[in-house]
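Engineer: One file: my_file_6.tsv (TSV, C-alpha atoms).
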```tsv
chain	number	residue	atom	x	y	z
A	11	MET	CA	112.38	81.11	93.45
A	12	ARG	CA	108.97	82.81	93.66
A	13	PHE	CA	107.79	84.58	90.51
A	14	LEU	CA	104.52	85.91	91.96
A	15	LEU	CA	103.86	88.50	94.63
A	16	ASP	CA	102.96	87.07	98.01
A	17	ALA	CA	99.89	88.05	100.00
A	18	GLU	CA	101.76	90.60	102.11
A	19	GLN	CA	103.19	92.36	99.06
A	20	ARG	CA	99.77	92.50	97.39
A	21	ALA	CA	98.17	93.87	100.55
A	22	PHE	CA	100.88	96.54	100.81
A	23	THR	CA	100.41	97.75	97.24
A	24	ASP	CA	96.62	97.60	97.53
A	25	SER	CA	96.65	99.74	100.66
A	26	LEU	CA	99.04	102.26	99.09
A	27	HIS	CA	96.88	102.43	95.97
A	28	ALA	CA	93.75	103.01	98.06
A	29	MET	CA	95.42	105.76	100.08
A	30	LEU	CA	96.69	107.57	96.99
A	31	SER	CA	93.36	107.17	95.18
A	32	ALA	CA	91.67	109.09	97.99
A	33	ALA	CA	94.33	111.82	98.09
A	34	ASN	CA	93.23	113.86	95.04
A	35	THR	CA	96.77	113.86	93.67
A	36	PRO	CA	95.95	116.08	90.62
A	37	ALA	CA	95.21	118.95	93.01
A	38	VAL	CA	98.39	118.19	94.96
A	39	ILE	CA	100.42	118.17	91.74
A	40	ARG	CA	99.07	121.55	90.66
A	41	ASP	CA	99.79	123.05	94.08
A	42	TRP	CA	103.33	121.69	93.94
A	43	SER	CA	103.85	123.10	90.44
A	44	ARG	CA	103.02	126.57	91.77
A	45	GLY	CA	105.52	126.23	94.62
A	46	ASP	CA	102.84	125.57	97.26
A	47	HIS	CA	104.19	122.52	99.09
A	48	ALA	CA	101.69	122.24	101.96
A	49	SER	CA	99.43	119.58	100.45
A	50	GLY	CA	102.42	117.77	99.00
A	51	ARG	CA	104.18	117.64	102.36
A	52	ALA	CA	101.02	116.30	103.98
A	53	LEU	CA	100.82	113.54	101.36
A	54	TRP	CA	104.55	112.89	101.77
A	55	SER	CA	104.02	112.27	105.49
A	56	ARG	CA	101.29	109.74	104.76
A	57	ILE	CA	103.51	107.94	102.24
A	58	ALA	CA	106.28	107.81	104.84
A	59	GLU	CA	103.84	106.46	107.45
A	60	ALA	CA	103.00	103.67	105.00
A	61	GLY	CA	106.70	102.73	105.15
A	62	VAL	CA	107.75	103.59	101.60
A	63	PHE	CA	110.94	105.50	102.38
A	64	GLY	CA	111.82	103.10	105.17
A	65	LEU	CA	112.21	100.38	102.54
A	66	ALA	CA	115.56	101.95	101.58
A	67	VAL	CA	116.70	102.50	105.18
A	68	PRO	CA	118.13	99.74	107.43
A	69	GLU	CA	116.17	98.84	110.56
A	70	GLU	CA	118.87	100.16	112.91
A	71	TYR	CA	118.23	103.66	111.57
A	72	GLY	CA	114.46	103.63	111.81
A	73	GLY	CA	113.70	101.95	108.50
A	74	LEU	CA	112.31	98.63	107.31
A	75	GLY	CA	114.89	97.63	104.74
A	76	PRO	CA	116.64	97.43	102.56
A	77	HIS	CA	113.83	95.86	100.52
A	78	PRO	CA	114.30	96.73	96.82
A	79	VAL	CA	111.40	94.58	95.57
A	80	GLU	CA	108.87	96.21	97.88
A	81	LEU	CA	110.37	99.61	97.05
A	82	ALA	CA	109.84	98.95	93.34
A	83	LEU	CA	106.24	97.91	93.98
A	84	SER	CA	105.57	101.08	95.94
A	85	PHE	CA	107.11	103.29	93.26
A	86	VAL	CA	104.84	101.74	90.66
A	87	GLU	CA	101.93	103.08	92.72
A	88	LEU	CA	103.60	106.46	93.22
A	89	GLY	CA	104.00	106.71	89.45
A	90	ARG	CA	100.46	105.49	88.82
A	91	HIS	CA	99.20	108.44	90.88
A	92	ALA	CA	101.88	110.90	89.63
A	93	VAL	CA	102.89	111.86	93.19
A	94	PRO	CA	105.14	114.95	93.02
A	95	GLY	CA	108.34	115.60	94.92
A	96	PRO	CA	111.92	114.27	95.07
A	97	LEU	CA	110.83	110.69	95.67
A	98	VAL	CA	113.67	108.97	93.82
A	99	GLU	CA	116.16	111.48	95.16
A	100	THR	CA	115.19	110.77	98.78
A	101	VAL	CA	115.82	107.06	98.22
A	102	THR	CA	119.13	107.89	96.53
A	103	ALA	CA	120.17	110.07	99.47
A	104	ALA	CA	119.36	107.24	101.88
A	105	VAL	CA	121.78	104.97	100.01
A	106	LEU	CA	124.48	107.65	99.75
A	107	LEU	CA	124.29	108.29	103.51
A	108	GLY	CA	123.93	104.67	104.53
A	109	ALA	CA	127.20	104.31	106.45
A	110	PRO	CA	128.13	105.63	109.94
A	111	PRO	CA	128.39	108.28	111.19
A	112	GLN	CA	126.14	110.11	108.73
A	113	ALA	CA	123.54	107.32	108.66
A	114	GLY	CA	122.50	107.96	112.26
A	115	ARG	CA	122.36	111.68	111.61
A	116	PHE	CA	120.19	111.69	108.48
A	117	LEU	CA	118.46	108.36	107.81
A	118	PRO	CA	115.85	108.45	110.62
A	119	GLY	CA	114.44	111.72	109.26
A	120	LEU	CA	114.33	110.38	105.69
A	121	ALA	CA	112.56	107.19	106.79
A	122	ALA	CA	110.03	109.11	108.91
A	123	GLY	CA	109.26	111.60	106.14
A	124	THR	CA	110.25	114.63	108.20
A	125	ASP	CA	113.06	115.29	105.72
A	126	LEU	CA	112.91	115.48	101.93
A	127	ALA	CA	116.21	115.03	100.12
A	128	THR	CA	117.38	115.99	96.69
A	129	VAL	CA	120.61	115.08	94.93
A	130	ALA	CA	122.61	116.67	92.13
A	131	ALA	CA	125.62	115.13	90.44
A	132	LEU	CA	128.55	117.13	89.10
A	133	PRO	CA	130.16	115.52	86.04
A	134	ARG	CA	133.89	114.99	86.01
A	135	PRO	CA	135.41	117.85	83.98
A	136	ALA	CA	137.29	117.09	80.78
A	137	PRO	CA	141.05	117.73	80.86
A	138	GLY	CA	141.68	121.45	80.77
A	139	ALA	CA	138.00	122.34	81.28
A	140	VAL	CA	136.69	124.56	84.06
A	141	PRO	CA	134.86	122.41	86.69
A	142	SER	CA	131.13	122.98	87.07
A	143	LEU	CA	130.23	124.63	90.37
A	144	ALA	CA	126.52	123.81	90.37
A	145	GLY	CA	124.42	120.80	89.44
A	146	GLN	CA	120.70	120.65	88.71
A	147	ALA	CA	118.55	118.96	91.36
A	148	LEU	CA	114.85	118.20	91.57
A	149	ASP	CA	112.74	120.31	93.95
A	150	GLY	CA	115.63	121.92	95.77
A	151	ASP	CA	113.24	124.58	97.05
A	152	ALA	CA	111.14	121.97	98.87
A	153	ALA	CA	113.95	119.69	100.05
A	154	THR	CA	115.28	119.99	103.58
A	155	LEU	CA	118.43	118.01	102.72
A	156	ARG	CA	120.31	119.04	99.58
A	157	LEU	CA	123.27	116.93	98.44
A	158	THR	CA	125.76	117.24	95.62
A	159	VAL	CA	127.83	114.28	94.42
A	160	ALA	CA	131.15	115.72	93.25
A	161	PRO	CA	134.26	113.88	92.02
A	162	ASP	CA	135.86	114.29	95.46
A	163	GLY	CA	132.90	113.43	97.69
A	164	LEU	CA	129.34	114.11	98.83
A	165	TYR	CA	128.56	117.66	99.92
A	166	LEU	CA	125.78	119.48	101.69
A	167	SER	CA	124.65	122.20	99.30
A	168	THR	CA	122.83	125.47	98.96
A	169	ALA	CA	119.99	125.97	96.48
A	170	GLY	CA	119.69	128.59	93.77
A	171	PRO	CA	116.57	129.93	92.05
A	172	VAL	CA	113.93	127.51	90.75
A	173	ARG	CA	113.88	126.73	87.05
A	174	ARG	CA	110.86	125.24	85.31
A	175	SER	CA	111.17	121.99	83.41
A	176	LEU	CA	109.14	120.08	80.84
A	177	ASP	CA	107.06	118.66	83.70
A	178	PRO	CA	105.78	121.62	85.76
A	179	ALA	CA	105.73	119.42	88.88
A	180	ARG	CA	109.46	118.67	88.47
A	181	ARG	CA	111.02	121.98	89.53
A	182	LEU	CA	114.77	122.15	88.90
A	183	THR	CA	117.14	123.94	91.25
A	184	PRO	CA	120.89	124.50	90.88
A	185	LEU	CA	122.82	123.26	93.92
A	186	THR	CA	126.20	124.62	94.96
A	187	PRO	CA	128.41	122.50	97.28
A	188	ALA	CA	129.30	124.10	100.59
A	189	GLY	CA	131.97	123.30	103.18
A	190	GLU	CA	133.96	120.10	103.44
A	191	PRO	CA	132.83	116.76	102.01
A	192	LEU	CA	130.14	115.13	104.12
A	193	VAL	CA	131.21	111.70	102.83
A	194	PRO	CA	134.60	111.53	101.09
A	195	ASP	CA	133.84	108.42	99.05
A	196	PRO	CA	130.06	107.93	98.76
A	197	PRO	CA	128.68	104.68	97.25
A	198	PHE	CA	127.46	106.43	94.11
A	199	ASP	CA	127.36	103.29	91.95
A	200	ARG	CA	125.03	101.57	94.42
A	201	ALA	CA	122.94	104.72	94.83
A	202	LEU	CA	122.59	104.96	91.05
A	203	LEU	CA	121.23	101.40	90.97
A	204	TRP	CA	118.49	102.31	93.46
A	205	ALA	CA	117.77	105.58	91.65
A	206	ARG	CA	117.36	103.87	88.29
A	207	LEU	CA	115.27	101.08	89.79
A	208	ALA	CA	112.90	103.54	91.47
A	209	THR	CA	112.69	105.62	88.29
A	210	ALA	CA	111.89	102.53	86.22
A	211	ALA	CA	109.11	101.53	88.61
A	212	GLN	CA	107.75	105.08	88.67
A	213	ALA	CA	107.72	105.16	84.87
A	214	LEU	CA	105.93	101.81	84.74
A	215	GLY	CA	103.20	103.14	87.04
A	216	THR	CA	102.93	106.32	84.96
A	217	GLY	CA	102.46	104.26	81.80
A	218	LEU	CA	99.82	102.06	83.42
A	219	ALA	CA	97.86	105.13	84.51
A	220	LEU	CA	98.05	106.62	81.01
A	221	LEU	CA	96.81	103.37	79.51
A	222	ASP	CA	93.90	103.05	81.96
A	223	ARG	CA	92.80	106.62	81.31
A	224	THR	CA	93.04	106.19	77.55
A	225	VAL	CA	91.07	102.93	77.55
A	226	ALA	CA	88.33	104.61	79.58
A	227	TYR	CA	88.28	107.61	77.24
A	228	ALA	CA	88.17	105.42	74.13
A	229	GLY	CA	85.11	103.69	75.54
A	230	GLN	CA	83.31	107.02	76.09
A	231	ARG	CA	84.22	109.14	73.07
A	232	THR	CA	82.09	108.40	70.03
A	233	GLN	CA	82.66	108.93	66.34
A	234	PHE	CA	80.28	107.94	63.56
A	235	GLY	CA	77.88	106.92	66.30
A	236	VAL	CA	80.15	104.32	67.98
A	237	PRO	CA	82.89	104.46	70.64
A	238	ILE	CA	86.33	105.01	69.11
A	239	GLY	CA	87.54	102.06	71.16
A	240	SER	CA	85.67	99.79	68.76
A	241	PHE	CA	87.92	100.82	65.86
A	242	GLN	CA	90.58	98.30	64.92
A	243	ALA	CA	93.34	100.92	64.67
A	244	VAL	CA	92.59	102.17	68.18
A	245	LYS	CA	92.54	98.65	69.56
A	246	HIS	CA	95.96	97.98	68.03
A	247	ARG	CA	97.48	101.11	69.59
A	248	LEU	CA	96.13	100.21	73.00
A	249	ALA	CA	97.20	96.58	72.66
A	250	ASP	CA	100.73	97.62	71.71
A	251	ALA	CA	100.90	99.86	74.78
A	252	ARG	CA	99.63	97.10	77.04
A	253	ILE	CA	102.15	94.58	75.69
A	254	ALA	CA	105.05	97.01	76.13
A	255	LEU	CA	104.10	97.78	79.72
A	256	GLU	CA	103.49	94.15	80.65
A	257	PHE	CA	106.84	93.23	79.15
A	258	ALA	CA	108.50	95.91	81.30
A	259	ARG	CA	106.87	94.78	84.56
A	260	PRO	CA	108.87	91.53	85.07
A	261	LEU	CA	112.06	93.31	84.04
A	262	VAL	CA	111.52	95.89	86.79
A	263	LEU	CA	110.79	93.25	89.43
A	264	GLY	CA	113.63	91.04	88.21
A	265	ALA	CA	116.02	93.99	88.44
A	266	ALA	CA	114.85	94.60	92.00
A	267	VAL	CA	115.79	91.03	92.88
A	268	ALA	CA	119.17	91.06	91.11
A	269	LEU	CA	120.26	94.70	91.66
A	270	HIS	CA	122.80	94.23	88.90
A	271	PRO	CA	123.73	97.30	86.82
A	272	ALA	CA	122.80	95.74	83.47
A	273	ASP	CA	119.49	94.36	84.75
A	274	VAL	CA	118.54	97.69	86.31
A	275	ALA	CA	119.57	99.62	83.19
A	276	ALA	CA	117.52	97.27	81.00
A	277	ALA	CA	114.52	97.68	83.28
A	278	LYS	CA	114.77	101.47	83.24
A	279	LEU	CA	115.21	101.58	79.48
A	280	THR	CA	112.27	99.25	78.83
A	281	ALA	CA	109.88	100.77	81.37
A	282	CYS	CA	110.62	104.37	80.38
A	283	GLU	CA	110.33	103.64	76.66
A	284	ALA	CA	107.06	101.77	77.24
A	285	ALA	CA	105.67	104.66	79.28
A	286	TYR	CA	106.78	107.20	76.68
A	287	ALA	CA	105.21	105.17	73.84
A	288	THR	CA	102.00	104.89	75.87
A	289	ALA	CA	102.05	108.66	76.44
A	290	ARG	CA	102.31	109.26	72.69
A	291	ALA	CA	99.41	106.90	72.03
A	292	ALA	CA	97.35	108.49	74.80
A	293	LEU	CA	97.94	111.96	73.40
A	294	GLN	CA	96.96	110.93	69.88
A	295	LEU	CA	93.85	109.03	70.94
A	296	HIS	CA	92.63	111.86	73.18
A	297	GLY	CA	92.96	114.36	70.36
A	298	ALA	CA	93.18	118.08	71.05
A	299	ILE	CA	92.01	117.76	74.65
A	300	GLY	CA	95.19	115.85	75.47
A	301	TYR	CA	97.27	118.98	74.84
A	302	THR	CA	95.51	121.13	77.42
A	303	ALA	CA	97.22	121.74	80.75
A	304	GLU	CA	93.83	121.90	82.48
A	305	TYR	CA	93.08	118.29	81.56
A	306	ASP	CA	94.49	115.84	84.11
A	307	LEU	CA	96.03	113.63	81.43
A	308	SER	CA	98.78	116.23	80.97
A	309	LEU	CA	100.07	115.53	84.49
A	310	TRP	CA	101.04	112.02	83.42
A	311	LEU	CA	102.10	112.90	79.86
A	312	THR	CA	104.81	115.31	80.98
A	313	LYS	CA	106.02	112.98	83.71
A	314	ALA	CA	106.48	110.10	81.28
A	315	ARG	CA	108.65	112.32	79.08
A	316	ALA	CA	110.72	113.64	82.00
A	317	LEU	CA	111.37	110.22	83.57
A	318	ARG	CA	112.75	108.94	80.27
A	319	ALA	CA	115.95	110.93	80.81
A	320	ALA	CA	116.06	110.99	84.62
A	321	TRP	CA	119.00	109.13	86.20
A	322	GLY	CA	120.23	107.87	82.84
A	323	THR	CA	119.20	108.54	79.27
A	324	PRO	CA	118.12	105.68	76.97
A	325	GLU	CA	121.54	105.84	75.33
A	326	GLN	CA	123.36	105.56	78.66
A	327	CYS	CA	121.23	102.60	79.75
A	328	ARG	CA	121.80	100.84	76.41
A	329	GLU	CA	125.53	101.32	76.86
A	330	VAL	CA	125.43	99.58	80.25
A	331	VAL	CA	123.44	96.66	78.85
A	332	LEU	CA	125.69	96.28	75.80
A	333	ASP	CA	128.83	96.47	77.91
A	334	ASP	CA	127.52	93.65	80.10
A	335	ALA	CA	126.59	91.58	77.05
A	336	VAL	CA	130.06	91.97	75.55
A	337	LYS	CA	131.83	90.95	78.76
A	338	GLY	CA	129.64	87.90	79.16
A	339	PRO	CA	127.77	86.25	82.05
A	340	TRP	CA	130.93	84.69	83.49
A	341	ASP	CA	132.15	88.14	84.53
A	342	ARG	CA	129.13	88.53	86.78
A	343	GLY	CA	130.23	85.56	88.82
A	344	ARG	CA	133.69	87.08	89.25
A	345	GLY	CA	132.16	90.30	90.56
A	346	ARG	CA	134.10	92.34	87.97
```
Turn this file's structure into structure tokens for me.
Structural biologist:
Amino acid sequence: MRFLLDAEQRAFTDSLHAMLSAANTPAVIRDWSRGDHASGRALWSRIAEAGVFGLAVPEEYGGLGPHPVELALSFVELGRHAVPGPLVETVTAAVLLGAPPQAGRFLPGLAAGTDLATVAALPRPAPGAVPSLAGQALDGDAATLRLTVAPDGLYLSTAGPVRRSLDPARRLTPLTPAGEPLVPDPPFDRALLWARLATAAQALGTGLALLDRTVAYAGQRTQFGVPIGSFQAVKHRLADARIALEFARPLVLGAAVALHPADVAAAKLTACEAAYATARAALQLHGAIGYTAEYDLSLWLTKARALRAAWGTPEQCREVVLDDAVKGPWDRGRGR
């Protein structure tokens, strides 16, 4: 088994990083937060041309995949540059619609970037409770394909008014199912694996960007005539953040190889907690300037907090890991 990226994988991530570095993503994020999607759609098309969404789509439907490892690598870069939009949700939709006849209808557009998808999930109602008629989805106003996963199937949906969230670039929209089920029994468990994997990778990239920005700031800001980065307490905070993120990286890539629920849940939990801890350190070490919305750091701070609960809270991910640990490794071999 190979434990290092090969030359092709490194070239792919390097080219994606270079493209996103030249894209002025902070300006794109602020446009997207205001509901102006033009620059974001243009960037989305370039990401699709690089093959990112095709990594979740089989070749017979215009994609390149499925390639979960390469998808995870690309989402690290998308998180590093805080690219806005329903990125994870588009990948999730590709998995949900991956079987004929709907695959031929929807997957080519998702792979090519001409369609943006968002997904909402309706929880199963408790006995005697009134079923929910609308679920919250990300960027339903920008998406061209809106899906709701209900207990009885996957539905095309209509979008309600936009609601702001903690992260201004993550605009929430209630979706209401319409018509008959598009897919009566969608592979939601498999789609959730891909969603959590992509979210974990995105969080890892977000944390790495926060750390890089904070290290650079600590080397420039002075106190008592010396850079604050020379202080032992600051060094310890930055070192702790680096260790947490570097510990998360192999878990994310290992989960992409295994695609097992417990491995993916552990990767999401570890990466999101590392990114959130890095965000807290970045905010403290930047001081008051870190709180200002005009300062670019805020674009990554709010994303780290939002991703922590996206597609599974820390408590839900811990439950999956603990359940797997209790059942034991022999149950994996039996397929449970």
Engineer: Which one of A:Gly217, A:Pro324, A:Pro196, A:Pro260 sits closest to Thr102 of chain A if you count all atoms listed in the file?
Structural biologist: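 With all atoms listed in the file as the atom set, the closest residue is A:Pro196.
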Engineer: Considering only C-alpha atoms, can you say which of A:Glu256, A:Asp24, A:Glu304, A:Asp273 comes closest to Ala285 of chain A?
Structural biologist: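 Among the listed residues, A:Glu256 lies closest to Ala285 of chain A.
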Engineer: Considering only C-alpha atoms, tabulate each residue of segment 28-119 of chain A that lies at most 10 Å from segment 153-160 of chain A along with its nearest interatomic pair and the corresponding distance in Å to one decimal; arrange the rows by chain and ascending residue number and present them as JSON lines.
Structural biologist:
```
{"residue": "A:Gly95", "atom": "CA", "partner": "A:Ala153", "partner_atom": "CA", "distance": 8.6}
{"residue": "A:Pro96", "atom": "CA", "partner": "A:Ala153", "partner_atom": "CA", "distance": 7.6}
{"residue": "A:Glu99", "atom": "CA", "partner": "A:Leu157", "partner_atom": "CA", "distance": 9.5}
{"residue": "A:Thr100", "atom": "CA", "partner": "A:Leu155", "partner_atom": "CA", "distance": 8.9}
{"residue": "A:Ala103", "atom": "CA", "partner": "A:Leu157", "partner_atom": "CA", "distance": 7.6}
{"residue": "A:Leu106", "atom": "CA", "partner": "A:Val159", "partner_atom": "CA", "distance": 9.1}
{"residue": "A:Phe116", "atom": "CA", "partner": "A:Leu155", "partner_atom": "CA", "distance": 8.7}
{"residue": "A:Gly119", "atom": "CA", "partner": "A:Leu155", "partner_atom": "CA", "distance": 9.9}
```
Engineer: Considering all atoms listed in the file, state which residue in the set A:Ala287, A:Ala258, A:Ile39, A:Leu117 is at the smallest distance from Gln212 of chain A.
Structural biologist: A:Ala258
Engineer: I need the residue nearest Leu97 of chain A from this list: A:Thr209, A:Ser43, A:Ser240, A:Gln326. Use all atoms listed in the file for the distance.
Structural biologist: A:Thr209
Engineer: Here is a test: counting only C-alpha atoms, which residue of A:Val336, A:Leu214, A:Ala291, A:Ala265 is nearest to Arg90 of chain A?
Structural biologist: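 Nearest candidate to Arg90 of chain A out of A:Val336, A:Leu214, A:Ala291, A:Ala265: A:Leu214.
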Engineer: Filtering to N, CA and C atoms, could segment 249-280 of chain A of the supplied structure be written out as a PDB file, in the first residue's frame?
Structural biologist:
```pdb
ATOM      1  N   ALA A 249       2.016  25.656  17.619  1.00  0.00           N
ATOM      2  CA  ALA A 249       2.478  24.270  17.520  1.00  0.00           C
ATOM      3  C   ALA A 249       1.332  23.294  17.792  1.00  0.00           C
ATOM      4  N   ASP A 250       0.498  23.611  18.776  1.00  0.00           N
ATOM      5  CA  ASP A 250      -0.653  22.748  19.067  1.00  0.00           C
ATOM      6  C   ASP A 250      -1.593  22.668  17.864  1.00  0.00           C
ATOM      7  N   ALA A 251      -1.808  23.810  17.216  1.00  0.00           N
ATOM      8  CA  ALA A 251      -2.678  23.831  16.037  1.00  0.00           C
ATOM      9  C   ALA A 251      -2.076  23.004  14.905  1.00  0.00           C
ATOM     10  N   ARG A 252      -0.785  23.158  14.690  1.00  0.00           N
ATOM     11  CA  ARG A 252      -0.118  22.399  13.632  1.00  0.00           C
ATOM     12  C   ARG A 252      -0.203  20.900  13.893  1.00  0.00           C
ATOM     13  N   ILE A 253       0.037  20.480  15.116  1.00  0.00           N
ATOM     14  CA  ILE A 253      -0.010  19.055  15.446  1.00  0.00           C
ATOM     15  C   ILE A 253      -1.413  18.500  15.224  1.00  0.00           C
ATOM     16  N   ALA A 254      -2.435  19.241  15.650  1.00  0.00           N
ATOM     17  CA  ALA A 254      -3.812  18.768  15.485  1.00  0.00           C
ATOM     18  C   ALA A 254      -4.162  18.605  14.013  1.00  0.00           C
ATOM     19  N   LEU A 255      -3.766  19.566  13.199  1.00  0.00           N
ATOM     20  CA  LEU A 255      -4.084  19.496  11.766  1.00  0.00           C
ATOM     21  C   LEU A 255      -3.305  18.377  11.077  1.00  0.00           C
ATOM     22  N   GLU A 256      -2.039  18.219  11.436  1.00  0.00           N
ATOM     23  CA  GLU A 256      -1.238  17.169  10.807  1.00  0.00           C
ATOM     24  C   GLU A 256      -1.688  15.782  11.257  1.00  0.00           C
ATOM     25  N   PHE A 257      -2.248  15.694  12.456  1.00  0.00           N
ATOM     26  CA  PHE A 257      -2.813  14.424  12.897  1.00  0.00           C
ATOM     27  C   PHE A 257      -4.085  14.114  12.116  1.00  0.00           C
ATOM     28  N   ALA A 258      -4.845  15.150  11.766  1.00  0.00           N
ATOM     29  CA  ALA A 258      -6.100  14.946  11.022  1.00  0.00           C
ATOM     30  C   ALA A 258      -5.851  14.547   9.577  1.00  0.00           C
ATOM     31  N   ARG A 259      -4.769  15.026   8.980  1.00  0.00           N
ATOM     32  CA  ARG A 259      -4.537  14.797   7.550  1.00  0.00           C
ATOM     33  C   ARG A 259      -4.526  13.309   7.186  1.00  0.00           C
ATOM     34  N   PRO A 260      -3.731  12.448   7.856  1.00  0.00           N
ATOM     35  CA  PRO A 260      -3.763  11.029   7.457  1.00  0.00           C
ATOM     36  C   PRO A 260      -5.090  10.359   7.746  1.00  0.00           C
ATOM     37  N   LEU A 261      -5.831  10.845   8.742  1.00  0.00           N
ATOM     38  CA  LEU A 261      -7.148  10.274   8.995  1.00  0.00           C
ATOM     39  C   LEU A 261      -8.099  10.565   7.836  1.00  0.00           C
ATOM     40  N   VAL A 262      -8.016  11.777   7.289  1.00  0.00           N
ATOM     41  CA  VAL A 262      -8.864  12.137   6.151  1.00  0.00           C
ATOM     42  C   VAL A 262      -8.518  11.282   4.940  1.00  0.00           C
ATOM     43  N   LEU A 263      -7.228  11.162   4.637  1.00  0.00           N
ATOM     44  CA  LEU A 263      -6.824  10.379   3.470  1.00  0.00           C
ATOM     45  C   LEU A 263      -7.086   8.883   3.683  1.00  0.00           C
ATOM     46  N   GLY A 264      -6.874   8.411   4.915  1.00  0.00           N
ATOM     47  CA  GLY A 264      -7.176   7.014   5.211  1.00  0.00           C
ATOM     48  C   GLY A 264      -8.658   6.720   5.074  1.00  0.00           C
ATOM     49  N   ALA A 265      -9.492   7.661   5.502  1.00  0.00           N
ATOM     50  CA  ALA A 265     -10.939   7.481   5.356  1.00  0.00           C
ATOM     51  C   ALA A 265     -11.337   7.459   3.895  1.00  0.00           C
ATOM     52  N   ALA A 266     -10.649   8.241   3.062  1.00  0.00           N
ATOM     53  CA  ALA A 266     -10.947   8.242   1.632  1.00  0.00           C
ATOM     54  C   ALA A 266     -10.615   6.896   1.000  1.00  0.00           C
ATOM     55  N   VAL A 267      -9.596   6.238   1.504  1.00  0.00           N
ATOM     56  CA  VAL A 267      -9.244   4.911   0.993  1.00  0.00           C
ATOM     57  C   VAL A 267     -10.254   3.862   1.461  1.00  0.00           C
ATOM     58  N   ALA A 268     -10.606   3.907   2.755  1.00  0.00           N
ATOM     59  CA  ALA A 268     -11.467   2.871   3.331  1.00  0.00           C
ATOM     60  C   ALA A 268     -12.943   3.084   3.021  1.00  0.00           C
ATOM     61  N   LEU A 269     -13.399   4.334   3.058  1.00  0.00           N
ATOM     62  CA  LEU A 269     -14.821   4.677   2.914  1.00  0.00           C
ATOM     63  C   LEU A 269     -15.687   3.826   3.841  1.00  0.00           C
ATOM     64  N   HIS A 270     -15.220   3.678   5.063  1.00  0.00           N
ATOM     65  CA  HIS A 270     -15.989   2.978   6.089  1.00  0.00           C
ATOM     66  C   HIS A 270     -16.616   4.025   7.008  1.00  0.00           C
ATOM     67  N   PRO A 271     -17.864   3.810   7.447  1.00  0.00           N
ATOM     68  CA  PRO A 271     -18.538   4.836   8.247  1.00  0.00           C
ATOM     69  C   PRO A 271     -17.756   5.312   9.463  1.00  0.00           C
ATOM     70  N   ALA A 272     -17.141   4.399  10.209  1.00  0.00           N
ATOM     71  CA  ALA A 272     -16.407   4.805  11.407  1.00  0.00           C
ATOM     72  C   ALA A 272     -15.150   5.594  11.052  1.00  0.00           C
ATOM     73  N   ASP A 273     -14.448   5.174  10.000  1.00  0.00           N
ATOM     74  CA  ASP A 273     -13.243   5.891   9.587  1.00  0.00           C
ATOM     75  C   ASP A 273     -13.581   7.299   9.107  1.00  0.00           C
ATOM     76  N   VAL A 274     -14.659   7.410   8.333  1.00  0.00           N
ATOM     77  CA  VAL A 274     -15.057   8.723   7.825  1.00  0.00           C
ATOM     78  C   VAL A 274     -15.534   9.614   8.969  1.00  0.00           C
ATOM     79  N   ALA A 275     -16.304   9.048   9.896  1.00  0.00           N
ATOM     80  CA  ALA A 275     -16.764   9.829  11.045  1.00  0.00           C
ATOM     81  C   ALA A 275     -15.597  10.300  11.898  1.00  0.00           C
ATOM     82  N   ALA A 276     -14.607   9.437  12.108  1.00  0.00           N
ATOM     83  CA  ALA A 276     -13.430   9.829  12.886  1.00  0.00           C
ATOM     84  C   ALA A 276     -12.651  10.932  12.185  1.00  0.00           C
ATOM     85  N   ALA A 277     -12.549  10.832  10.862  1.00  0.00           N
ATOM     86  CA  ALA A 277     -11.834  11.857  10.105  1.00  0.00           C
ATOM     87  C   ALA A 277     -12.561  13.193  10.184  1.00  0.00           C
ATOM     88  N   LYS A 278     -13.880  13.165  10.043  1.00  0.00           N
ATOM     89  CA  LYS A 278     -14.638  14.417  10.119  1.00  0.00           C
ATOM     90  C   LYS A 278     -14.534  15.032  11.506  1.00  0.00           C
ATOM     91  N   LEU A 279     -14.691  14.212  12.534  1.00  0.00           N
ATOM     92  CA  LEU A 279     -14.590  14.707  13.902  1.00  0.00           C
ATOM     93  C   LEU A 279     -13.221  15.336  14.155  1.00  0.00           C
ATOM     94  N   THR A 280     -12.162  14.636  13.767  1.00  0.00           N
ATOM     95  CA  THR A 280     -10.814  15.112  14.058  1.00  0.00           C
ATOM     96  C   THR A 280     -10.468  16.356  13.249  1.00  0.00           C
TER      97      THR A 280
END
```
